Amino acid sequence: MRRLILIALLGSVAQLVDGTLGMAYGVTATTALLITGITPAVASAAVHLSEVGTTLASGLSHWRFGNVDWRVVALIGVPGGAGAFAGATFLSSLSTESASLWVAALLILLGVYILARFAMGKIRVVIEGRVGGKFLGPLGLIAGFVDATGGGGWGPVATSALLGSGKLAPRKTVGSVNAAEFIVSVAASLGFLFGLGGENIPYGIVAALLVGGVIAAPFAAWLVSRLATRWLGVGVGLVLILTNARTLMKGLEVGTAGRFTAYGVLVVLWAGVVTYGLRRARAAAPEEKELETVTS
């Protein structure tokens with residue numbers, strides 16, 4: 001019982017991160033479960049199934065606070081579900097370890113770009129235009145496929161690409177990606193159940209993660225509706241850089257000392273960028289206030 005309570009708390013933390021930044025529920029929850037001694041296979045199954053409930057709660061909460069663009073949800077979610085189901089049903093046995101290094105390197109570059117753009121650039125440029133269906137459809141298909149075959153990745157791929165497009169406000173990006181993830185989670189879970197069966201699924205752990213995530217979802221959605229555009233982008237950039245740096249260094253077999261040294265350097269550089277961004281934010285405060293009012 002004590003272990004399930006701990007897992008529920010971990011689920012709340014994971015959902016708070018994901019609901020606020022549009023990514024990292026899978027990374028956060030899986031890592032936390034592995035620390036508690038749960039095997040990787042059990043952790044992966046529990047996280048995927050718990051996401052069905054947490055993404056529903058998160059999507060509804062983001063909708064309640066006005067963070068969802070339903071056009072984006074439809075255009076990215078349906079192809080995402082198709083990609084996730086195909087990946088879970090037919091390609092779950094395909095090794096993606098070599099490809100994961102290239103994906104991690106690409107996402108680190110995207111994280112650097114997003115961090116620099118939001119911390120040091122003008123915010124007005126990030127919401128001009130409209131995200132096209134020709135972009136959203138393939139993006140959803142790829143992100144759903146990566147999520148199902150790689151054990152996670154919907155948020156990092158979809159959120160970073162939408163932010164990088166410069167055509168959707170960060171809070172709308174986070175809310176829409178979270179809402180669309182419900183479709184992806186349902187499709188992936190059905191694919192896993194169809195392909196692998198459900199007799200070995202740890203339903204107690206799934207329930208604990210689900211309860212913790214549902215509790216945290218409304219607060220995360222409220223937080224997104226209140227955070228400034230600039231700092232949402234900065235937060236997404238940092239999470240992309242740190243999580244994918246971990247994946248890249250692990251794949252390259254960098255030692256523990258080397259990894260922690262790299263993390264320290266990255267955090268120091270991030271702090272420098274944030275300090276610079278704070279100075280620019282003070283100078284641009286009137287303009288950003290007006291922008292937030294217009295886009296709310």
# chains A, B, ... in the order shown; residues from 1 in each chain; ligands from 1
call {"tool": "closest_atom_pairs", "arguments": {"of": "stretch 180-246 of chain A", "to": "stretch 71-90 of chain A", "cutoff": "8 Å", "atoms": "only C-alpha atoms", "output": "tab-separated table"}}
result
residue	atom	partner	partner_atom	distance
A:Ala180	CA	A:Gly77	CA	4.6
A:Glu181	CA	A:Gly77	CA	6.7
A:Ile183	CA	A:Gly81	CA	5.6
A:Val184	CA	A:Gly81	CA	4.2
A:Ser185	CA	A:Gly81	CA	7.5
A:Val186	CA	A:Gly81	CA	7.6
A:Ala187	CA	A:Phe85	CA	4.9
A:Ala188	CA	A:Phe85	CA	4.8
A:Ser189	CA	A:Ala88	CA	7.8
A:Leu190	CA	A:Phe85	CA	7.1
A:Gly191	CA	A:Thr89	CA	4.6
A:Phe192	CA	A:Ala88	CA	5.3
A:Phe194	CA	A:Thr89	CA	6.9
A:Gly195	CA	A:Thr89	CA	5.3
call {"tool": "closest_residue", "arguments": {"among": "A:Leu10, A:Leu163, A:Val239, A:Val214", "to": "A:Gly53", "atoms": "only C-alpha atoms"}}
result
A:Val214
call {"tool": "residues_around", "arguments": {"residues": "A:Arg259", "least_positions_apart": "5", "cutoff": "12 Å", "atoms": "only C-alpha atoms", "output": "PyMOL selection string"}}
result
chain A and resi 242-254+264-266
call {"tool": "write_last_selection", "arguments": {"atoms": "C-alpha atoms", "output": "CSV table (one decimal), in the first residue's frame"}}
result
chain,number,residue,atom,x,y,z
A,242,LEU,CA,18.2,17.8,-20.4
A,243,THR,CA,16.0,14.7,-21.2
A,244,ASN,CA,17.6,14.1,-24.6
A,245,ALA,CA,21.1,14.8,-23.4
A,246,ARG,CA,20.5,12.0,-20.9
A,247,THR,CA,19.3,9.7,-23.8
A,248,LEU,CA,22.3,10.7,-26.0
A,249,MET,CA,24.9,10.2,-23.3
A,250,LYS,CA,23.5,6.9,-22.2
A,251,GLY,CA,23.5,5.7,-25.8
A,252,LEU,CA,27.1,6.8,-26.2
A,253,GLU,CA,28.0,5.0,-22.9
A,254,VAL,CA,29.3,8.2,-21.2
A,264,GLY,CA,25.9,20.9,-14.5
A,265,VAL,CA,27.3,22.7,-17.6
A,266,LEU,CA,23.9,22.6,-19.3
call {"tool": "select_by_dssp", "arguments": {"residues": "stretch 184-259 of chain A", "states": "alpha helix (DSSP H)", "output": "VMD selection string"}}
result
chain A and resid 184 to 196 203 to 226 229 to 251 256 to 259
call {"tool": "residues_around", "arguments": {"residues": "A:Trp222", "least_positions_apart": "5", "cutoff": "12 Å", "atoms": "only C-alpha atoms", "output": "ChimeraX atom specification"}}
result
/A:16,19-20,58-67,171,174-175,216-217,227
call {"tool": "write_last_selection", "arguments": {"atoms": "N, CA, C and O atoms", "output": "CSV table (one decimal), in the first residue's frame"}}
result
chain,number,residue,atom,x,y,z
A,16,LEU,N,2.3,16.8,-13.7
A,16,LEU,CA,2.5,18.2,-13.5
A,16,LEU,C,3.5,18.7,-14.5
A,16,LEU,O,3.3,19.8,-15.1
A,19,GLY,N,1.8,18.3,-18.1
A,19,GLY,CA,0.6,19.2,-18.3
A,19,GLY,C,1.1,20.6,-18.4
A,19,GLY,O,0.4,21.4,-19.0
A,20,THR,N,2.2,21.0,-17.8
A,20,THR,CA,2.7,22.3,-17.9
A,20,THR,C,3.6,22.6,-19.1
A,20,THR,O,3.5,23.6,-19.7
A,58,SER,N,-6.2,15.7,-18.4
A,58,SER,CA,-5.4,16.8,-18.8
A,58,SER,C,-6.0,17.6,-20.0
A,58,SER,O,-6.1,18.8,-19.9
A,59,GLY,N,-6.5,16.9,-21.0
A,59,GLY,CA,-7.2,17.5,-22.1
A,59,GLY,C,-8.4,18.3,-21.7
A,59,GLY,O,-8.6,19.5,-22.1
A,60,LEU,N,-9.2,17.7,-20.8
A,60,LEU,CA,-10.4,18.4,-20.3
A,60,LEU,C,-10.0,19.7,-19.5
A,60,LEU,O,-10.7,20.7,-19.6
A,61,SER,N,-9.0,19.5,-18.7
A,61,SER,CA,-8.6,20.6,-17.9
A,61,SER,C,-8.0,21.8,-18.7
A,61,SER,O,-8.3,23.0,-18.5
A,62,HIS,N,-7.2,21.4,-19.7
A,62,HIS,CA,-6.7,22.5,-20.6
A,62,HIS,C,-7.9,23.2,-21.4
A,62,HIS,O,-7.8,24.4,-21.6
A,63,TRP,N,-8.8,22.4,-21.8
A,63,TRP,CA,-10.0,23.0,-22.5
A,63,TRP,C,-10.8,23.9,-21.6
A,63,TRP,O,-11.2,25.0,-22.0
A,64,ARG,N,-10.9,23.5,-20.3
A,64,ARG,CA,-11.6,24.4,-19.3
A,64,ARG,C,-10.9,25.7,-19.2
A,64,ARG,O,-11.5,26.8,-19.0
A,65,PHE,N,-9.5,25.8,-19.3
A,65,PHE,CA,-8.8,27.0,-19.1
A,65,PHE,C,-8.5,27.7,-20.4
A,65,PHE,O,-7.6,28.6,-20.5
A,66,GLY,N,-9.1,27.2,-21.5
A,66,GLY,CA,-8.9,27.9,-22.8
A,66,GLY,C,-7.6,27.7,-23.5
A,66,GLY,O,-7.1,28.5,-24.3
A,67,ASN,N,-6.9,26.5,-23.2
A,67,ASN,CA,-5.6,26.3,-23.8
A,67,ASN,C,-5.6,25.4,-25.0
A,67,ASN,O,-4.6,25.0,-25.5
A,171,ARG,N,0.9,28.3,-24.9
A,171,ARG,CA,-0.1,27.7,-24.1
A,171,ARG,C,-1.1,26.9,-24.9
A,171,ARG,O,-1.6,25.8,-24.5
A,174,VAL,N,0.8,23.6,-25.8
A,174,VAL,CA,0.8,22.6,-24.7
A,174,VAL,C,-0.6,22.0,-24.5
A,174,VAL,O,-0.7,20.8,-24.4
A,175,GLY,N,-1.6,22.8,-24.5
A,175,GLY,CA,-3.0,22.3,-24.3
A,175,GLY,C,-3.4,21.4,-25.4
A,175,GLY,O,-4.0,20.3,-25.2
A,216,ALA,N,-3.3,15.9,-10.4
A,216,ALA,CA,-2.4,17.0,-10.8
A,216,ALA,C,-2.8,17.7,-12.1
A,216,ALA,O,-2.4,18.9,-12.3
A,217,ALA,N,-3.6,17.1,-12.9
A,217,ALA,CA,-4.0,17.6,-14.3
A,217,ALA,C,-4.6,19.0,-14.2
A,217,ALA,O,-4.2,19.9,-14.9
A,227,LEU,N,1.0,31.2,-16.9
A,227,LEU,CA,2.4,31.5,-17.1
A,227,LEU,C,2.6,32.4,-18.4
A,227,LEU,O,1.9,32.3,-19.3
call {"tool": "closest_residue", "arguments": {"among": "A:Ile241, A:Ala271, A:Val131, A:Leu136", "to": "A:Pro156", "atoms": "only C-alpha atoms"}}
result
A:Ile241
call {"tool": "closest_residue", "arguments": {"among": "A:Val234, A:Thr159, A:Ala14, A:Lys172", "to": "A:Trp70", "atoms": "only C-alpha atoms"}}
result
A:Lys172
call {"tool": "closest_residue", "arguments": {"among": "A:Ile142, A:Ala207, A:Gly132, A:Ser176", "to": "A:Ala221", "atoms": "only C-alpha atoms"}}
result
A:Ser176
call {"tool": "residues_around", "arguments": {"residues": "A:Gln15", "least_positions_apart": "2", "cutoff": "10 Å", "atoms": "only C-alpha atoms", "output": "PyMOL selection string"}}
result
chain A and resi 9-13+17-26+28-29+51+54-55+58+209-210+212-220
